[in-house]
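K.L.:
Have a look at the structure that comes next, please.
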Amino acid sequence: MTTDALQALIFDVDGTLADTESVHMAAFNHAFAELGLDWVWTPEIYTQLLEISGGKERILHYWKQRNPDVKELDANALTDRINRMHELKTAAYESAINAGAVALRPGVLELMDEALSEGLQLAIATTTSPVNIAALLRRAIGPDWRLNFAAIGDASTAPIKKPHPQVYLQMLDALQLPAAHCLAFEDSSNGLRAATAAGLQTIVTPSAFTSHHDFSGALRVVPDLSHVTVAQLREWQNSAQA
């Protein structure tokens with residue numbers, strides 16, 4: 001492989017760009033309280049629920065756990081209820097982000113800036129909503145944050161959630177690059193499996209909620225990106241593909 005093999009970096013969002021999961025958890029609990037539910041997701045419960053990609057999917061899974069004997073007499077009513085919970089949760093999350101509750105993880109912004117200065121493309125491949133992405137990156141990067149990214153895949157464009165590779169396959173198509181010319185960045189086993197299934201080598205930066213996951217098959221597992229450079233990424237990629 002030549003040194004120009006690396007042409008794009010594709011980033012997951014929650015847990016990868018920023019430690020957002022505790023803020024998401026608090027936002028879910030806020031929504032439950034708003035609707036008069038006695039649900040409280042603790043860090044232990046939420047860690048287990050993170051095995052399921054997608055906020056609405058987590059709510060449905062938990063609802064079924066709490067109501068195992070209740071038949072869905074009206075599926076539309078249940079869907080509407082879950083949608084309302086998720087709307088309230090999203091509003092609470094956006095409010096927390098705008099109030100400065102979260103910052104990007106160490107090294108993320110520096111690596112993005114270096115990659116852009118060297119002519120690499122950046123993309124996002126996440127299962128979170130467009131509103132959540134915009135709230136986080138608008139505050140972290142600025143109002144023109146979208147200009148940094150050649151392509152963005154999210155819950156609105158890729159309804160089949162990770163570990164399915166749909167969102168990564170969409171990003172490769174949008175970038176018009178083969179997987180061998182890109183690297184993915186993830187924090188969870190579901191994300192790693194999704195990226196790997198799309199043929200992408202993956203750098204994993206575990207979060208507090210995912211440190212127990214199985215990251216077999218990752219190109220590298222590092223605590224964060226604070227000491228990771230584009231030259232190092234190229235070296236890792238080239239050594240793996242040699």
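Every chain in the structure tokens takes a letter, A first, then B, and so on in the order presented; its residues are numbered from 1, and the ligands are numbered from 1 following the presented order.
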So that I can see what lies close to Leu9 of chain A, please list as a ChimeraX atom specification the residues with an atom at most 10 Å from it, counting only C-alpha atoms and leaving out residues fewer than 3 positions away in the same chain.

P.N.:
/A:6,111-112,115-116,120-124,149,181-185,202,230,233

K.L.:
Excluding same-chain residues fewer than 2 positions from segment 12-23 of chain A, what lies within 7 Å of it counting only C-alpha atoms, as a count of residues only?

P.N.:
18

K.L.:
Return as a list in words the full set of residues in segment 54-242 of chain A whose backbone-based DSSP assignment is strand (DSSP E or B).

P.N.:
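Everything in segment 54-242 of chain A that counts as strand (DSSP E or B) is Leu104, Gln121, Leu122, Ala123, Ile124, Ala125, Ala151, Ile152, Gly153, Cys182, Leu183, Ala184, Phe185, Glu186, Gln201, Thr202, Ile203, Val204, Arg220 and Val221 of chain A.
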
K.L.:
Identify, with DSSP run on backbone atoms, the residues in segment 92-135 of chain A assigned to helix (DSSP H, G or I), and express the list as a VMD selection string.

P.N.:
chain A and resid 92 to 98 108 to 117 130 to 135

K.L.:
Give me the segment 70-114 of chain A side of the contact with segment 37-56 of chain A, cut-off 9 Å, one line per residue showing its nearest atom pair and distance in Å at one decimal, counting only C-alpha atoms, sorted by chain and residue number, as JSON lines.

P.N.:
```
{"residue": "A:Ile82", "atom": "CA", "partner": "A:Lys56", "partner_atom": "CA", "distance": 6.4}
{"residue": "A:Asn83", "atom": "CA", "partner": "A:Lys56", "partner_atom": "CA", "distance": 7.1}
{"residue": "A:Met85", "atom": "CA", "partner": "A:Lys56", "partner_atom": "CA", "distance": 8.4}
{"residue": "A:His86", "atom": "CA", "partner": "A:Lys56", "partner_atom": "CA", "distance": 6.4}
```

K.L.:
Taking only C-alpha atoms into account, name the residue in A:Trp63, A:Ala5, A:Arg220, A:Pro106 that is nearest to Arg234 of chain A.

P.N.:
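The answer is A:Ala5, which sits nearest to Arg234 of chain A.
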
K.L.:
With distances taken over only C-alpha atoms, which residue among A:Ala240, A:Glu118, A:Ile97, A:His30 lies nearest Leu200 of chain A?

P.N.:
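Answer, going by the shortest atom-to-atom distance: A:Ala240.
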
K.L.:
Return the single residue from A:Pro165, A:Gly100, A:Gly119, A:Glu235 that is closest to Leu137 of chain A, with distances computed using only C-alpha atoms.

P.N.:
A:Gly100

K.L.:
Using only C-alpha atoms, find the one residue out of A:Leu192, A:Ala197, A:Leu109, A:Leu60 that sits nearest to Leu225 of chain A.

P.N.:
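Checking each of A:Leu192, A:Ala197, A:Leu109, A:Leu60 against Leu225 of chain A, counting only C-alpha atoms, the winner is A:Leu109.
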
K.L.:
If you count only C-alpha atoms, which residues fall within 12 Å of Gly153 of chain A, apart from same-chain ones fewer than 5 positions away, as a ChimeraX atom specification?

P.N.:
/A:10-13,122-130,133,158-162,165-175

K.L.:
Measuring atom to atom with only C-alpha atoms, identify which of A:Ala134, A:Asp69, A:Val228, A:Ser117 is nearest to Asn98 of chain A.

P.N.:
A:Ala134
